[in-house]
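> Before anything else, here's the structure in question.
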Amino acid sequence: MLGVRWFVFAVATVASCLVFADRALSGQASSAVRAEIIRLDPRIDRLVPKDATLEKIADGFTWVEGPVWSKQGGYLLFSDIPANAVYQWKPGEETTVFLKNSGYSGATPFGGKEPGSNGLTFDADGHLVLCRHGDRQIGRLDSDGVIRVVADRYDGYRINSPNDLVFTSNGDLYFTDPPFGLPNVFDDPQKAPVQGVYRVGKDGTVTRLIADIKAPNGIAFSPDEKTLYVSDVDPKRAAWLAYDVKADGTVANGRVFFDATRWRKDPFFGPDGFKVDQQGNLFGARPGGISIIAPDGTLLGAIETGQPTSNVAWGEDGRTLFVTGGSAVYRIRLTTTGAGY
């Protein structure tokens with residue numbers, strides 16, 4: 001998303017209270033902050049317990065994004081996009097820099113506000129794979145510490161600034177490519193002709209799957225991988241979109257899965273990163289919190305953080321949802337289990 005963030009928080013219907021356990025990078029406790037869990041459908045009670053507590057586990061960053069949990073290492077990684085770095089958080093330890101120059105490796109100063117990495121994930125071999133804004137590429141951090149290019153071009157032009165990414169069970173990589181990391185964003189003279197959604201096959205072939213989304217952002221699959229979800233922060237169509245996945249991995253029948261216009265904030269801040277649980281419920285970050293949407297498109301409720309929430313990730317035993325928002329990282333213990341666990 002864009003480097004300048006702001007949020008106006010308003011909620012009319014409150015079903016129960018959620019308490020923030022506030023703990024900064026230094027480990028010093030501070031005053032608790034109260035927010036709300038919105039319960040609109042009884043199905044949410046099977047997902048979010050009534051005594052759920054949102055805990056701040058790290059703070060003091062610029063704009064955090066792309067959280068991912070390492071099952072092998074037992075730690076969380078997340079991007080600070082303006083700082084051009086990936087940080088590591090591990091229970092009981094200090095938050096540390098995991099990777100410098102995570103998105104931009106150039107020798108000259110970057111001309112924009114968001115040079116760093118955005119979305120993060122791991123491949124089947126446990127290598128970190130990054131959406132790299134400044135270098136305009138998908139990169140893989142190999143065991144020797146070198147970041148190697150996974151994808152950086154399509155049809156003769158450079159991709160824009162990849163935002164989020166997800167692997168399928170067969171090893172194909174899907175990613176979104178808006179221009180938010182370019183120095184002049186949509187008006188950048190080096191911008192690619194379209195803002196696409198792409199697939200990288202196991203052989204390295206890059207295929208553009210979707211070319212008609214103004215501002216593609218978050219991306220995830222349903223648990224059975226038969227539906228691809230993409231968030232669009234276009235001011236004229238802020239929504240989570242759904243596509244049918246065909247046998248060859250391409251997509252069809254694009255449609256609005258859930259209209260997110262009510263939460264959109266100017267200029268391009270709306271439905272952001274998201275994940276699904278094992279039942280196919282979507283947990284979507286957006287201005288002010290996390291919307292929880294059933295596979296049938298019903299809004300079950302929300303976790304209202306009061307923060308410009310950017311992304312989420314499942315971690316620990318799969319029942320912890322990590323949340324990036326503004327300058328801080330949070331976690332909340334849920335009843336449901338994330339897809340992939």
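Chain labels run A, B, ... following the order of the structure tokens; each chain numbers its residues from 1, and ligands are numbered from 1 in the order shown.
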Can you tell me, as a PyMOL selection string, what residues are no more than 8 Å from Arg153 in chain A when counting only C-alpha atoms, ignoring any on the same chain fewer than 4 positions away?
chain A and resi 137+157-159+206
> Any chance you can output those residues with N, CA and C atoms as a PDB file, in the first residue's frame?

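File produced: out35.pdb:
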ATOM      1  N   GLN A 137      10.702  -7.125  -8.133  1.00  0.00           N
ATOM      2  CA  GLN A 137      10.871  -8.544  -8.396  1.00  0.00           C
ATOM      3  C   GLN A 137      10.313  -9.385  -7.257  1.00  0.00           C
ATOM      4  N   TYR A 157       8.410  -6.400 -20.369  1.00  0.00           N
ATOM      5  CA  TYR A 157       8.476  -5.263 -19.447  1.00  0.00           C
ATOM      6  C   TYR A 157       8.699  -5.746 -18.018  1.00  0.00           C
ATOM      7  N   ARG A 158       9.214  -4.834 -17.197  1.00  0.00           N
ATOM      8  CA  ARG A 158       9.430  -5.149 -15.796  1.00  0.00           C
ATOM      9  C   ARG A 158       8.097  -5.105 -15.053  1.00  0.00           C
ATOM     10  N   ILE A 159       7.934  -5.995 -14.111  1.00  0.00           N
ATOM     11  CA  ILE A 159       6.747  -5.923 -13.271  1.00  0.00           C
ATOM     12  C   ILE A 159       6.851  -4.687 -12.381  1.00  0.00           C
ATOM     13  N   VAL A 206       6.467 -17.321 -16.330  1.00  0.00           N
ATOM     14  CA  VAL A 206       5.567 -16.330 -15.752  1.00  0.00           C
ATOM     15  C   VAL A 206       4.364 -16.152 -16.669  1.00  0.00           C
TER      16      VAL A 206
END
> With DSSP run on the backbone, what are the strand (DSSP E) residues within range 78-198 of chain A? I'd like them as an MDAnalysis selection string.
chainID A and resid 78:80 85:89 96:100 117:122 128:132 137:141 147:151 153:154 157:158 165:167 173:176 197:198
> For the residues in that selection, give me C-alpha atoms as a PDB file, in the first residue's frame.

ATOM      1  CA  PHE A  78       7.491  -9.240   8.888  1.00  0.00           C
ATOM      2  CA  SER A  79       8.427  -6.379   6.560  1.00  0.00           C
ATOM      3  CA  ASP A  80       8.893  -2.728   7.428  1.00  0.00           C
ATOM      4  CA  ALA A  85      14.073  -4.454   6.167  1.00  0.00           C
ATOM      5  CA  VAL A  86      12.586  -7.717   7.404  1.00  0.00           C
ATOM      6  CA  TYR A  87      12.385  -8.190  11.170  1.00  0.00           C
ATOM      7  CA  GLN A  88      12.219 -11.350  13.261  1.00  0.00           C
ATOM      8  CA  TRP A  89      10.132 -11.835  16.389  1.00  0.00           C
ATOM      9  CA  THR A  96      15.824  -8.210  15.627  1.00  0.00           C
ATOM     10  CA  VAL A  97      16.684  -7.345  12.022  1.00  0.00           C
ATOM     11  CA  PHE A  98      16.494 -10.512   9.947  1.00  0.00           C
ATOM     12  CA  LEU A  99      17.308  -9.039   6.525  1.00  0.00           C
ATOM     13  CA  LYS A 100      18.500  -5.605   5.408  1.00  0.00           C
ATOM     14  CA  SER A 117       9.810  -5.931   0.855  1.00  0.00           C
ATOM     15  CA  ASN A 118       6.070  -6.373   1.233  1.00  0.00           C
ATOM     16  CA  GLY A 119       4.459  -9.819   1.282  1.00  0.00           C
ATOM     17  CA  LEU A 120       6.530 -12.761   2.538  1.00  0.00           C
ATOM     18  CA  THR A 121       6.110 -16.523   2.343  1.00  0.00           C
ATOM     19  CA  PHE A 122       8.153 -19.731   2.450  1.00  0.00           C
ATOM     20  CA  LEU A 128      11.971 -17.136   2.308  1.00  0.00           C
ATOM     21  CA  VAL A 129      10.302 -15.681  -0.802  1.00  0.00           C
ATOM     22  CA  LEU A 130       9.738 -11.920  -0.871  1.00  0.00           C
ATOM     23  CA  CYS A 131       7.770  -9.321  -2.799  1.00  0.00           C
ATOM     24  CA  ARG A 132      10.524  -6.738  -3.411  1.00  0.00           C
ATOM     25  CA  GLN A 137      10.871  -8.544  -8.396  1.00  0.00           C
ATOM     26  CA  ILE A 138       9.900 -11.685  -6.557  1.00  0.00           C
ATOM     27  CA  GLY A 139      13.067 -12.860  -4.837  1.00  0.00           C
ATOM     28  CA  ARG A 140      14.094 -16.009  -2.966  1.00  0.00           C
ATOM     29  CA  LEU A 141      16.545 -15.887  -0.077  1.00  0.00           C
ATOM     30  CA  ILE A 147      18.522 -13.246  -2.946  1.00  0.00           C
ATOM     31  CA  ARG A 148      17.883 -14.741  -6.368  1.00  0.00           C
ATOM     32  CA  VAL A 149      15.236 -13.589  -8.827  1.00  0.00           C
ATOM     33  CA  VAL A 150      12.122 -15.738  -9.123  1.00  0.00           C
ATOM     34  CA  ALA A 151      10.215 -13.326 -11.393  1.00  0.00           C
ATOM     35  CA  ARG A 153       9.541  -9.519 -16.112  1.00  0.00           C
ATOM     36  CA  TYR A 154       6.581 -10.382 -18.253  1.00  0.00           C
ATOM     37  CA  TYR A 157       8.476  -5.263 -19.447  1.00  0.00           C
ATOM     38  CA  ARG A 158       9.430  -5.149 -15.796  1.00  0.00           C
ATOM     39  CA  LEU A 165       2.063 -13.861  -2.874  1.00  0.00           C
ATOM     40  CA  VAL A 166       0.950 -17.428  -2.197  1.00  0.00           C
ATOM     41  CA  PHE A 167       2.089 -20.906  -3.187  1.00  0.00           C
ATOM     42  CA  LEU A 173       3.467 -19.223  -7.094  1.00  0.00           C
ATOM     43  CA  TYR A 174       0.736 -16.595  -7.531  1.00  0.00           C
ATOM     44  CA  PHE A 175       1.359 -12.893  -6.844  1.00  0.00           C
ATOM     45  CA  THR A 176      -0.247  -9.471  -7.190  1.00  0.00           C
ATOM     46  CA  VAL A 197      -2.019 -11.008 -11.093  1.00  0.00           C
ATOM     47  CA  TYR A 198       0.616 -13.509 -12.182  1.00  0.00           C
TER      48      TYR A 198
END
> Check the smallest atom-to-atom distance from each of A:Leu47, A:Ile37, A:Ala215, A:Ala242 to Gly288 in chain A using only C-alpha atoms, then report the winner.
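So, comparing all the options, the nearest one is A:Ile37.
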> Once DSSP has gone over the backbone, tell me which residues of range 16-195 of chain A are in helix (DSSP H, G or I), as a list in words.
Pro42, Arg43, Ile44, Asp45, Arg46, Val185, Phe186 and Asp187 of chain A
> Give me, as a ChimeraX atom specification, all polymer residues having an atom no more than 6 Å from Asn84 in chain A, counting only C-alpha atoms and skipping those fewer than 4 positions away in the same chain.
/A:101-103,115-116
> Residues of the last selection are to be written out with C-alpha atoms, as a CSV table (one decimal), in the first residue's frame.

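So the final result, stored in selection_36.csv, reads:
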chain,number,residue,atom,x,y,z
A,101,ASN,CA,17.9,-4.2,1.9
A,102,SER,CA,14.9,-6.6,1.8
A,103,GLY,CA,13.3,-4.8,-1.2
A,115,PRO,CA,11.5,0.6,-1.2
A,116,GLY,CA,11.4,-2.5,1.0
> Env of Gly280 in chain A: 12 Å cut, atoms = only C-alpha atoms, seq-sep filter 2 positions within chain, self excluded. Answer as number ranges by chain.
A: 47, 220-229, 274-278, 282-283, 292-298, 336-340
> Please provide the set of residues having any atom within 9 Å of range 231-239 of chain A, restricted to only C-alpha atoms, with same-chain residues fewer than 6 positions apart removed, written as a PyMOL selection string.
chain A and resi 213-219+256-274+284
> Could the residues in this selection be written to a file with N, CA, C and O atoms, as an mmCIF file, in the first residue's frame?

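Output (part.cif):
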data_model
loop_
_atom_site.group_PDB
_atom_site.id
_atom_site.type_symbol
_atom_site.label_atom_id
_atom_site.label_comp_id
_atom_site.auth_asym_id
_atom_site.auth_seq_id
_atom_site.Cartn_x
_atom_site.Cartn_y
_atom_site.Cartn_z
ATOM 1 N N ILE A 213 -7.692 -5.619 -12.913
ATOM 2 C CA ILE A 213 -7.856 -5.110 -11.552
ATOM 3 C C ILE A 213 -7.040 -3.835 -11.427
ATOM 4 O O ILE A 213 -5.845 -3.821 -11.705
ATOM 5 N N LYS A 214 -7.675 -2.760 -11.003
ATOM 6 C CA LYS A 214 -6.993 -1.466 -10.896
ATOM 7 C C LYS A 214 -5.851 -1.521 -9.890
ATOM 8 O O LYS A 214 -4.749 -1.017 -10.144
ATOM 9 N N ALA A 215 -6.098 -2.121 -8.724
ATOM 10 C CA ALA A 215 -5.111 -2.094 -7.647
ATOM 11 C C ALA A 215 -5.109 -3.417 -6.887
ATOM 12 O O ALA A 215 -5.560 -3.493 -5.748
ATOM 13 N N PRO A 216 -4.612 -4.509 -7.505
ATOM 14 C CA PRO A 216 -4.591 -5.802 -6.834
ATOM 15 C C PRO A 216 -3.664 -5.766 -5.621
ATOM 16 O O PRO A 216 -2.585 -5.181 -5.667
ATOM 17 N N ASN A 217 -4.089 -6.414 -4.544
ATOM 18 C CA ASN A 217 -3.349 -6.294 -3.293
ATOM 19 C C ASN A 217 -3.117 -7.665 -2.662
ATOM 20 O O ASN A 217 -2.226 -8.390 -3.044
ATOM 21 N N GLY A 218 -3.953 -8.065 -1.697
ATOM 22 C CA GLY A 218 -3.788 -9.357 -1.047
ATOM 23 C C GLY A 218 -4.224 -10.500 -1.944
ATOM 24 O O GLY A 218 -4.987 -10.320 -2.899
ATOM 25 N N ILE A 219 -3.738 -11.724 -1.612
ATOM 26 C CA ILE A 219 -4.070 -12.891 -2.425
ATOM 27 C C ILE A 219 -4.025 -14.141 -1.559
ATOM 28 O O ILE A 219 -3.161 -14.277 -0.684
ATOM 29 N N VAL A 256 -17.182 -10.086 -7.572
ATOM 30 C CA VAL A 256 -17.032 -9.495 -6.247
ATOM 31 C C VAL A 256 -17.484 -10.510 -5.212
ATOM 32 O O VAL A 256 -18.636 -10.945 -5.213
ATOM 33 N N PHE A 257 -16.579 -10.903 -4.348
ATOM 34 C CA PHE A 257 -16.904 -11.817 -3.254
ATOM 35 C C PHE A 257 -17.509 -11.048 -2.087
ATOM 36 O O PHE A 257 -18.509 -11.473 -1.507
ATOM 37 N N PHE A 258 -16.900 -9.904 -1.744
ATOM 38 C CA PHE A 258 -17.469 -9.060 -0.692
ATOM 39 C C PHE A 258 -17.059 -7.617 -0.937
ATOM 40 O O PHE A 258 -15.886 -7.300 -1.099
ATOM 41 N N ASP A 259 -18.042 -6.726 -0.943
ATOM 42 C CA ASP A 259 -17.832 -5.304 -1.175
ATOM 43 C C ASP A 259 -17.254 -4.661 0.090
ATOM 44 O O ASP A 259 -17.859 -4.730 1.162
ATOM 45 N N ALA A 260 -16.090 -4.037 -0.048
ATOM 46 C CA ALA A 260 -15.419 -3.429 1.100
ATOM 47 C C ALA A 260 -15.455 -1.905 1.062
ATOM 48 O O ALA A 260 -14.698 -1.243 1.776
ATOM 49 N N THR A 261 -16.355 -1.345 0.266
ATOM 50 C CA THR A 261 -16.407 0.111 0.107
ATOM 51 C C THR A 261 -16.583 0.831 1.437
ATOM 52 O O THR A 261 -16.022 1.915 1.644
ATOM 53 N N ARG A 262 -17.339 0.243 2.348
ATOM 54 C CA ARG A 262 -17.628 0.910 3.629
ATOM 55 C C ARG A 262 -16.372 1.204 4.441
ATOM 56 O O ARG A 262 -16.382 2.085 5.302
ATOM 57 N N TRP A 263 -15.290 0.450 4.194
ATOM 58 C CA TRP A 263 -14.062 0.634 4.987
ATOM 59 C C TRP A 263 -12.978 1.386 4.242
ATOM 60 O O TRP A 263 -11.917 1.661 4.805
ATOM 61 N N ARG A 264 -13.208 1.728 2.995
ATOM 62 C CA ARG A 264 -12.139 2.329 2.204
ATOM 63 C C ARG A 264 -11.801 3.736 2.670
ATOM 64 O O ARG A 264 -12.669 4.503 3.072
ATOM 65 N N LYS A 265 -10.512 4.059 2.650
ATOM 66 C CA LYS A 265 -10.017 5.388 2.968
ATOM 67 C C LYS A 265 -9.152 5.875 1.808
ATOM 68 O O LYS A 265 -8.418 5.106 1.201
ATOM 69 N N ASP A 266 -9.222 7.155 1.506
ATOM 70 C CA ASP A 266 -8.410 7.714 0.431
ATOM 71 C C ASP A 266 -6.931 7.699 0.819
ATOM 72 O O ASP A 266 -6.603 7.792 1.995
ATOM 73 N N PRO A 267 -6.013 7.596 -0.143
ATOM 74 C CA PRO A 267 -6.312 7.495 -1.570
ATOM 75 C C PRO A 267 -6.509 6.042 -2.026
ATOM 76 O O PRO A 267 -7.400 5.765 -2.799
ATOM 77 N N PHE A 268 -5.667 5.110 -1.593
ATOM 78 C CA PHE A 268 -5.821 3.709 -1.981
ATOM 79 C C PHE A 268 -5.602 2.843 -0.740
ATOM 80 O O PHE A 268 -4.635 2.108 -0.633
ATOM 81 N N PHE A 269 -6.486 2.950 0.203
ATOM 82 C CA PHE A 269 -6.361 2.171 1.436
ATOM 83 C C PHE A 269 -7.708 1.520 1.698
ATOM 84 O O PHE A 269 -8.672 2.165 2.038
ATOM 85 N N GLY A 270 -7.752 0.232 1.492
ATOM 86 C CA GLY A 270 -8.999 -0.498 1.645
ATOM 87 C C GLY A 270 -8.723 -1.929 2.038
ATOM 88 O O GLY A 270 -7.886 -2.186 2.900
ATOM 89 N N PRO A 271 -9.377 -2.896 1.416
ATOM 90 C CA PRO A 271 -9.120 -4.289 1.743
ATOM 91 C C PRO A 271 -7.676 -4.639 1.411
ATOM 92 O O PRO A 271 -7.213 -4.417 0.301
ATOM 93 N N ASP A 272 -6.962 -5.168 2.381
ATOM 94 C CA ASP A 272 -5.522 -5.375 2.246
ATOM 95 C C ASP A 272 -5.219 -6.871 2.283
ATOM 96 O O ASP A 272 -5.958 -7.669 1.721
ATOM 97 N N GLY A 273 -4.161 -7.266 2.990
ATOM 98 C CA GLY A 273 -3.799 -8.668 3.055
ATOM 99 C C GLY A 273 -4.813 -9.489 3.829
ATOM 100 O O GLY A 273 -5.528 -8.968 4.684
ATOM 101 N N PHE A 274 -4.875 -10.792 3.554
ATOM 102 C CA PHE A 274 -5.850 -11.650 4.223
ATOM 103 C C PHE A 274 -5.384 -13.091 4.182
ATOM 104 O O PHE A 274 -4.488 -13.468 3.412
ATOM 105 N N GLY A 284 -9.808 -10.797 6.720
ATOM 106 C CA GLY A 284 -9.279 -9.764 5.849
ATOM 107 C C GLY A 284 -8.922 -8.485 6.574
ATOM 108 O O GLY A 284 -9.776 -7.854 7.202
#
> Using only C-alpha atoms, which of the listed residues (A:Pro179, A:Gly201, A:Gly73, A:Gly106) sits closest to Pro91 in chain A?
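Going through A:Pro179, A:Gly201, A:Gly73, A:Gly106 one by one, the smallest distance to Pro91 in chain A is for A:Gly73.
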> Using only C-alpha atoms, which of the listed residues (A:Tyr104, A:Gly325, A:Ala285, A:Arg319) sits closest to Tyr341 in chain A?
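For Tyr341 in chain A, the nearest of the candidates is A:Arg319.
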> Can you work out which one of A:Ile44, A:Ala302, A:Val329, A:Val323 has the shortest atom-to-atom distance to Phe61 in chain A, counting only C-alpha atoms?
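Using only C-alpha atoms, Phe61 in chain A sits closest to A:Val329.
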> Of the residues A:Thr95, A:Thr335, A:Ser161, A:Gln307, which is the one nearest to Leu321 in chain A, using only C-alpha atoms?
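Among the listed residues, A:Thr335 lies closest to Leu321 in chain A.
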